[in-house]
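As stored in final21.txt (compact mmCIF, C-alpha atoms):
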```
# COMPACT_ATOMS: atom_id res chain seq x y z
CA ALA L 580 -4.31 -14.19 -32.17
CA LYS L 581 -1.30 -11.90 -31.82
CA ALA L 582 -3.45 -8.80 -32.31
CA ARG L 583 -5.90 -9.98 -29.61
CA PHE L 584 -3.03 -10.73 -27.26
CA ASP L 585 -1.46 -7.30 -27.88
CA VAL L 586 -4.76 -5.55 -27.16
CA ALA L 587 -5.27 -7.54 -23.96
CA THR L 588 -1.78 -6.78 -22.61
CA LEU L 589 -2.02 -3.09 -23.59
CA GLU L 590 -5.32 -2.78 -21.74
CA ALA L 591 -3.83 -4.51 -18.70
CA ARG L 592 -0.97 -2.01 -18.62
CA GLU L 593 -3.31 0.97 -19.00
CA ARG L 594 -5.67 -0.28 -16.28
CA LEU L 595 -2.74 -0.85 -13.94
CA GLU L 596 -1.33 2.63 -14.55
CA THR L 597 -4.76 4.17 -13.99
CA ARG L 598 -5.21 2.28 -10.70
CA LEU L 599 -1.84 3.47 -9.40
CA ARG L 600 -2.49 7.08 -10.42
CA ASP L 601 -5.86 6.98 -8.67
CA CYS L 602 -4.21 5.64 -5.51
CA GLU L 603 -1.52 8.30 -5.63
CA ASP L 604 -4.28 10.93 -5.66
CA LEU L 605 -5.93 9.10 -2.76
CA LEU L 606 -2.74 9.32 -0.68
CA ARG L 607 -2.39 13.00 -1.49
CA GLY L 608 -5.92 13.48 -0.18
CA VAL L 609 -5.00 11.73 3.09
CA ARG L 610 -1.90 13.89 3.37
CA GLY L 611 -3.90 17.07 2.76
CA LEU L 612 -6.46 16.09 5.40
CA ALA L 613 -3.75 15.30 7.97
CA GLN L 614 -1.80 18.49 7.31
CA ALA L 615 -4.93 20.65 7.42
CA ASN L 616 -5.94 19.19 10.80
CA GLY L 617 -2.52 18.81 12.41
CA GLY L 618 -2.77 15.03 12.34
CA LEU L 619 -5.55 12.42 12.24
CA ASP L 620 -7.62 10.45 14.71
CA ARG L 621 -9.41 7.19 14.01
CA THR L 622 -12.82 8.83 13.53
CA SER L 623 -11.71 11.42 10.97
CA PHE L 624 -9.63 8.82 9.11
CA ARG L 625 -12.53 6.33 8.95
CA THR L 626 -15.04 9.00 7.94
CA TYR L 627 -12.88 10.32 5.13
CA LEU L 628 -11.99 6.94 3.66
CA GLY L 629 -15.50 5.58 4.18
CA SER L 630 -16.86 8.37 2.02
CA LEU L 631 -14.59 7.20 -0.82
CA GLU L 632 -16.01 3.63 -0.86
CA LEU L 633 -12.59 2.06 -1.29
CA GLU L 634 -13.69 -1.47 -2.12
CA ARG L 635 -15.97 -0.30 -4.93
CA ASN L 636 -13.90 2.53 -6.38
CA TYR L 637 -10.34 1.22 -5.98
CA PRO L 638 -10.16 -2.37 -7.29
CA GLY L 639 -7.01 -4.17 -6.26
CA LEU L 640 -6.41 -1.91 -3.24
CA MET L 641 -6.14 -3.88 0.00
CA GLY L 642 -6.10 -0.95 2.40
CA VAL L 643 -5.04 2.60 3.22
CA ALA L 644 -3.02 3.23 6.38
CA TYR L 645 -1.87 6.18 8.47
CA GLY L 646 1.22 5.99 10.67
CA ILE L 647 3.50 8.21 12.71
CA PRO L 648 7.23 8.21 13.50
CA LEU L 649 8.04 6.83 16.95
CA PRO L 650 9.91 9.40 19.06
CA PRO L 651 12.71 8.15 21.34
CA GLY L 652 11.15 6.61 24.41
CA GLY L 653 7.65 7.00 22.97
CA GLU L 654 6.70 3.32 22.78
CA ALA L 655 4.39 3.34 25.81
CA ALA L 656 2.58 6.50 24.66
CA VAL L 657 1.94 5.11 21.17
CA GLU L 658 0.68 1.79 22.55
CA ARG L 659 -1.60 3.72 24.90
CA ARG L 660 -2.96 5.70 21.94
CA LEU L 661 -3.58 2.48 20.01
CA ARG L 662 -5.58 1.06 22.93
CA VAL L 663 -7.60 4.25 23.45
CA GLU L 664 -8.36 4.82 19.74
CA HIS L 665 -9.33 1.22 19.01
CA GLY L 666 -10.76 0.09 22.35
CA ARG L 667 -8.74 -3.10 22.36
CA GLU L 668 -5.35 -4.36 23.48
CA LEU L 669 -2.94 -3.50 20.67
CA ARG L 670 0.84 -3.50 20.79
CA ILE L 671 3.67 -2.41 18.55
CA HIS L 672 4.96 -5.36 16.53
CA PRO L 673 7.36 -6.96 15.74
CA GLY L 674 9.11 -4.60 18.18
CA VAL L 675 11.18 -1.40 18.15
CA GLY L 676 14.83 -0.50 17.78
CA PHE L 677 15.17 -0.98 14.01
CA GLY L 678 16.13 2.66 13.48
CA ASP L 679 13.66 5.36 12.42
CA ASP L 680 10.79 3.33 13.87
CA ALA L 681 7.34 4.34 12.59
CA ILE L 682 4.05 2.80 13.66
CA ILE L 683 0.76 2.20 11.82
CA LEU L 684 -2.09 3.71 13.85
CA PHE L 685 -5.08 3.27 11.54
CA GLU L 686 -5.95 1.30 8.42
CA GLU L 687 -9.15 1.05 6.40
CA PRO L 688 -11.00 -1.17 5.77
CA GLU L 689 -10.05 -1.91 9.37
CA GLN L 690 -11.36 -5.44 9.89
CA SER L 691 -9.50 -6.99 6.95
CA ASN L 692 -6.30 -5.13 7.91
CA ILE L 693 -6.46 -5.63 11.67
CA ARG L 694 -3.07 -7.35 11.84
CA ALA L 695 -1.37 -4.24 10.47
CA LEU L 696 -2.39 -2.04 13.42
CA GLY L 697 0.67 -1.30 15.52
CA PHE L 698 3.03 -2.56 12.81
CA ASN L 699 6.50 -1.00 12.79
CA SER L 700 7.06 0.12 9.20
CA SER L 701 10.83 0.16 9.71
CA SER L 702 11.02 -3.47 10.82
CA THR L 703 12.42 -4.74 7.50
CA ALA L 704 15.11 -3.24 5.29
CA ASP L 705 12.76 -2.79 2.31
CA GLN L 706 10.04 -1.14 4.41
CA ARG L 707 12.50 1.18 6.13
CA ALA L 708 14.20 2.20 2.86
CA SER L 709 10.92 3.24 1.25
CA LEU L 710 9.78 5.08 4.40
CA LEU L 711 12.98 7.12 4.56
CA ALA L 712 12.89 7.78 0.81
CA ALA L 713 9.31 9.08 1.15
CA ARG L 714 10.28 11.26 4.12
CA ASP L 715 13.35 12.73 2.44
CA SER L 716 11.88 13.26 -1.05
CA GLY L 717 8.33 14.42 -0.30
CA GLY L 718 7.19 12.30 -3.23
CA LEU L 719 5.57 8.94 -3.76
CA GLN L 720 7.70 5.87 -3.01
CA ALA L 721 7.05 2.15 -3.47
CA THR L 722 8.42 -0.88 -1.71
CA PRO L 723 9.66 -3.92 -3.62
CA PRO L 724 7.35 -6.98 -3.65
CA MET L 725 7.23 -8.44 -0.15
CA ALA L 726 5.00 -10.17 2.42
CA LEU L 727 2.40 -7.81 3.91
CA ALA L 728 1.84 -7.37 7.64
CA GLN L 729 -1.93 -7.86 7.33
CA ALA L 730 -1.76 -10.96 5.11
CA PRO L 731 1.73 -12.50 5.10
CA GLU L 732 0.38 -15.81 3.83
CA ALA L 733 -1.46 -14.28 0.84
CA GLY L 734 1.56 -13.85 -1.40
CA PRO L 735 3.69 -10.83 -2.28
CA GLY L 736 2.33 -7.33 -2.18
CA PHE L 737 3.73 -3.83 -2.14
CA VAL L 738 3.13 -0.47 -0.50
CA LEU L 739 2.88 3.00 -2.04
CA ARG L 740 3.90 5.55 0.56
CA LEU L 741 3.67 9.34 0.96
CA ALA L 742 5.14 11.39 3.81
CA ILE L 743 3.12 13.91 5.83
CA TYR L 744 4.67 17.08 7.26
CA GLU L 745 3.82 19.59 9.97
CA GLY L 746 2.87 23.07 8.89
CA GLY L 747 1.24 22.18 5.58
CA GLY L 748 2.98 21.76 2.26
CA ILE L 749 6.34 20.11 1.67
CA PRO L 750 9.43 21.82 3.14
CA SER L 751 11.86 22.93 0.46
CA THR L 752 15.02 21.47 2.02
CA LEU L 753 16.03 17.97 3.03
CA GLU L 754 16.71 19.09 6.60
CA GLY L 755 13.36 20.82 6.71
CA ARG L 756 11.54 17.72 5.52
CA ARG L 757 13.25 15.53 8.10
CA ARG L 758 12.46 18.00 10.88
CA ALA L 759 8.79 18.44 9.88
CA PHE L 760 8.08 14.74 9.19
CA SER L 761 5.01 13.89 11.27
CA GLY L 762 3.41 10.88 9.62
CA TYR L 763 2.86 8.89 6.46
CA ALA L 764 0.04 7.47 4.34
CA ASN L 765 0.23 4.01 2.76
CA ALA L 766 -1.73 2.36 -0.03
CA VAL L 767 -1.34 -1.42 0.27
CA PHE L 768 -1.78 -3.91 -2.57
CA LEU L 769 -1.64 -7.64 -3.09
CA LEU L 770 0.00 -8.23 -6.46
CA ASN L 771 -2.36 -11.04 -7.45
CA ARG L 772 -5.45 -8.89 -6.76
CA LEU L 773 -4.05 -5.93 -8.66
CA ALA L 774 -3.00 -8.12 -11.59
CA GLY L 775 -6.36 -9.88 -11.66
CA ASP L 776 -8.23 -6.59 -11.96
CA ALA L 777 -5.85 -5.28 -14.62
CA SER L 778 -6.09 -8.49 -16.67
CA ARG L 779 -9.86 -8.61 -17.17
CA ARG L 780 -9.60 -8.32 -20.95
CA ALA L 781 -7.15 -11.21 -21.10
CA ALA L 782 -9.50 -13.32 -18.98
CA ALA L 783 -12.44 -12.47 -21.23
CA ASP L 784 -10.37 -13.54 -24.23
CA ARG L 785 -9.53 -16.80 -22.42
CA ILE L 786 -5.80 -16.11 -22.46
CA ARG L 787 -3.78 -17.99 -19.85
CA MET L 788 -1.31 -15.72 -18.13
CA ARG L 789 1.41 -16.23 -15.55
CA LEU L 790 2.98 -13.11 -14.07
CA ALA L 791 6.15 -13.10 -12.01
CA ASP L 792 8.37 -10.64 -10.19
CA MET L 793 11.71 -10.77 -12.00
CA SER L 794 13.73 -8.61 -9.59
CA ASP L 795 16.00 -11.63 -9.23
CA PRO L 796 16.08 -13.25 -12.71
CA GLY L 797 17.44 -16.45 -11.23
CA ARG L 798 14.50 -16.77 -8.82
CA PRO L 799 11.30 -15.47 -10.43
CA ARG L 800 8.41 -15.17 -7.96
CA VAL L 801 5.10 -16.08 -9.59
CA PHE L 802 2.31 -13.98 -8.06
CA PHE L 803 -0.56 -14.42 -10.53
CA GLU L 804 -1.85 -17.24 -12.72
CA SER L 805 -5.06 -16.87 -14.66
CA THR L 806 -7.13 -19.70 -16.02
CA GLY L 807 -7.99 -19.77 -19.68
CA GLY L 808 -10.09 -21.97 -21.91
CA LEU L 809 -7.59 -22.03 -24.76
CA ALA L 810 -4.35 -23.98 -24.64
CA ALA L 811 -1.06 -22.13 -24.78
CA ARG L 812 -0.27 -23.88 -28.07
CA TRP L 813 -3.38 -22.36 -29.68
CA TRP L 814 -2.09 -18.89 -28.93
```
Could I get this file's structure written as structure tokens?
Amino acid sequence: AKARFDVATLEARERLETRLRDCEDLLRGVRGLAQANGGLDRTSFRTYLGSLELERNYPGLMGVAYGIPLPPGGEAAVERRLRVEHGRELRIHPGVGFGDDAIILFEEPEQSNIRALGFNSSSTADQRASLLAARDSGGLQATPPMALAQAPEAGPGFVLRLAIYEGGGIPSTLEGRRRAFSGYANAVFLLNRLAGDASRRAAADRIRMRLADMSDPGRPRVFFESTGGLAARWW
């Protein structure tokens, strides 16, 4: 029983690591496309991500988003772009003025992520911290577990984030990266979906699992519970 459990948990870890590496490569592809074209519009973003068949090839991934920093006084222009690109009345939410405001313009698959369009990625401390870390480092950054803009009622999720810069490449200095910062790409996950995909072997072996975020040991946040045909005592 212990050997079977060890194999199941090892496979879960390896599947999870593979999923996250694949999604990092996906974000680098979005960044390369944006930097090669001097930005993205809705058509090019949809065409590129549609060709990758996200739902089939990236299990556990909820969506991929593209956003831009909001320049001072640029709220009206960004809302106008949202309306023109999407052909519907979209507004920035939950507002502006959080510091280093940055707005989601596109997200695919669009229909299941519609509530994220116009979202200000600096509107919470955790979101803003990861955005600024991505901008300043040029590397991949992750948020802590948190409610997601497109599905706040679905349980905790997290965002992998990569900054996009003008001119191609990643500027070599911190000041250069801040000056050239022109957008960002997000990969968005629900923890229970990601854990469910990673834990297939455990489910096949009928192991009951409960996974929790232990960032605060005094208040563990359970985000995944699998069913199993064998009692915990048997294991």
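Non-sequential neighbours of Phe685 in chain L (distance at most 10 Å, separation of 3 or more positions within a chain, only C-alpha atoms) are Leu619, Asp620, Arg621, Thr622, Phe624, Arg625, Val643, Ala644, Tyr645, Gly646, Ile647, Leu661, Glu664, His665, Ile682, Pro688, Glu689, Asn692, Ile693, Ala695, Leu696, Gly697 and Ala764 of chain L.
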Inset, instruction - Excluding Tyr627 in chain L and any residue of its chain fewer than 3 positions from it, enumerate the residues within 10 Å of it, using only C-alpha atoms, and give them as number ranges by chain. - result: L: 608-609, 612, 622-624, 630-632
Is there a way to get, as a PDB file with C-alpha atoms, in the coordinates of the input, all residues within 12 Å of the point (4.8, 14.0, 7.5) in file coordinates, counting all atoms listed in the file?
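Here's the written file point.pdb:
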```
ATOM      1  CA  ARG L 607      -2.390  13.000  -1.490  1.00  0.00           C
ATOM      2  CA  VAL L 609      -5.000  11.730   3.090  1.00  0.00           C
ATOM      3  CA  ARG L 610      -1.900  13.890   3.370  1.00  0.00           C
ATOM      4  CA  GLY L 611      -3.900  17.070   2.760  1.00  0.00           C
ATOM      5  CA  LEU L 612      -6.460  16.090   5.400  1.00  0.00           C
ATOM      6  CA  ALA L 613      -3.750  15.300   7.970  1.00  0.00           C
ATOM      7  CA  GLN L 614      -1.800  18.490   7.310  1.00  0.00           C
ATOM      8  CA  ALA L 615      -4.930  20.650   7.420  1.00  0.00           C
ATOM      9  CA  GLY L 617      -2.520  18.810  12.410  1.00  0.00           C
ATOM     10  CA  GLY L 618      -2.770  15.030  12.340  1.00  0.00           C
ATOM     11  CA  LEU L 619      -5.550  12.420  12.240  1.00  0.00           C
ATOM     12  CA  TYR L 645      -1.870   6.180   8.470  1.00  0.00           C
ATOM     13  CA  GLY L 646       1.220   5.990  10.670  1.00  0.00           C
ATOM     14  CA  ILE L 647       3.500   8.210  12.710  1.00  0.00           C
ATOM     15  CA  PRO L 648       7.230   8.210  13.500  1.00  0.00           C
ATOM     16  CA  ALA L 681       7.340   4.340  12.590  1.00  0.00           C
ATOM     17  CA  LEU L 710       9.780   5.080   4.400  1.00  0.00           C
ATOM     18  CA  LEU L 711      12.980   7.120   4.560  1.00  0.00           C
ATOM     19  CA  ALA L 713       9.310   9.080   1.150  1.00  0.00           C
ATOM     20  CA  ARG L 714      10.280  11.260   4.120  1.00  0.00           C
ATOM     21  CA  ASP L 715      13.350  12.730   2.440  1.00  0.00           C
ATOM     22  CA  SER L 716      11.880  13.260  -1.050  1.00  0.00           C
ATOM     23  CA  GLY L 717       8.330  14.420  -0.300  1.00  0.00           C
ATOM     24  CA  GLY L 718       7.190  12.300  -3.230  1.00  0.00           C
ATOM     25  CA  ARG L 740       3.900   5.550   0.560  1.00  0.00           C
ATOM     26  CA  LEU L 741       3.670   9.340   0.960  1.00  0.00           C
ATOM     27  CA  ALA L 742       5.140  11.390   3.810  1.00  0.00           C
ATOM     28  CA  ILE L 743       3.120  13.910   5.830  1.00  0.00           C
ATOM     29  CA  TYR L 744       4.670  17.080   7.260  1.00  0.00           C
ATOM     30  CA  GLU L 745       3.820  19.590   9.970  1.00  0.00           C
ATOM     31  CA  GLY L 746       2.870  23.070   8.890  1.00  0.00           C
ATOM     32  CA  GLY L 747       1.240  22.180   5.580  1.00  0.00           C
ATOM     33  CA  GLY L 748       2.980  21.760   2.260  1.00  0.00           C
ATOM     34  CA  ILE L 749       6.340  20.110   1.670  1.00  0.00           C
ATOM     35  CA  PRO L 750       9.430  21.820   3.140  1.00  0.00           C
ATOM     36  CA  GLY L 755      13.360  20.820   6.710  1.00  0.00           C
ATOM     37  CA  ARG L 756      11.540  17.720   5.520  1.00  0.00           C
ATOM     38  CA  ARG L 757      13.250  15.530   8.100  1.00  0.00           C
ATOM     39  CA  ARG L 758      12.460  18.000  10.880  1.00  0.00           C
ATOM     40  CA  ALA L 759       8.790  18.440   9.880  1.00  0.00           C
ATOM     41  CA  PHE L 760       8.080  14.740   9.190  1.00  0.00           C
ATOM     42  CA  SER L 761       5.010  13.890  11.270  1.00  0.00           C
ATOM     43  CA  GLY L 762       3.410  10.880   9.620  1.00  0.00           C
ATOM     44  CA  TYR L 763       2.860   8.890   6.460  1.00  0.00           C
ATOM     45  CA  ALA L 764       0.040   7.470   4.340  1.00  0.00           C
ATOM     46  CA  ASN L 765       0.230   4.010   2.760  1.00  0.00           C
TER      47      ASN L 765
END
```
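Once Asp679 in chain L and its same-chain neighbours fewer than 4 positions away are set aside, Pro648, Leu649, Pro650, Pro651, Val675, Asn699, Ser700, Ser701, Ser702, Arg707, Leu710 and Leu711 of chain L remain within 10 Å of it when counting all atoms listed in the file.
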Non-local contacts of Arg772 in chain L (9 Å; all atoms listed in the file; under 5 positions in same chain excluded) as a tab-separated table (two decimals) with C-alpha atoms, in the frame of the given file:
```tsv
chain	number	residue	atom	x	y	z
L	638	PRO	CA	-10.16	-2.37	-7.29
L	639	GLY	CA	-7.01	-4.17	-6.26
L	640	LEU	CA	-6.41	-1.91	-3.24
L	641	MET	CA	-6.14	-3.88	0.00
L	777	ALA	CA	-5.85	-5.28	-14.62
L	803	PHE	CA	-0.56	-14.42	-10.53
```
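Our summary of the geometry notes that CA of Val801 in chain L is positioned 9.9 Å from CA of Leu770 in chain L.
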Inset, instruction - Extract, using only C-alpha atoms, all DNA, RNA and protein residues at most 7 Å from Ala726 in chain L, discarding same-chain residues fewer than 6 positions from it, and format them as a PyMOL selection string. - result: chain L and resi 734-736
Legend entry - Between CA of Arg598 in chain L and CA of Asp776 in chain L - distance in Å to one decimal: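 Going from CA of Asp776 in chain L over to CA of Arg598 in chain L covers 9.5 Å.
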Taking all atoms of range 736-739 of chain L that the file lists and extending 8 Å past them on each side, where is the centre of the axis-aligned box and how long are its edges? Answer in Å to one decimal, as JSON.
```
{"center_x": 3.0, "center_y": -2.2, "center_z": -1.3, "size_x": 17.4, "size_y": 26.3, "size_z": 17.7}
```
Legend entry - Counting only C-alpha atoms, the residue of L:Phe802, L:Leu633, L:Glu686, L:Ser778 that sits nearest Ala733 in chain L: L:Phe802
Inset, instruction - Could you tell me how far CA of Phe677 in chain L lies from CA of Val738 in chain L, in Å and to one decimal? - result: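 Distance between the two atoms: 18.9 Å.
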Inset, instruction - Could you pull out every residue with an atom within 6 Å of (5.9, 4.3, -2.6), file coordinates, counting only C-alpha atoms, and send them as an NGL selection string? - result: :L and (719-722 or 738-740)
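Across L:Leu605, L:Ala580, L:Val767, L:Ala791, the tightest approach to Ala730 in chain L is made by L:Val767 when counting all atoms listed in the file.
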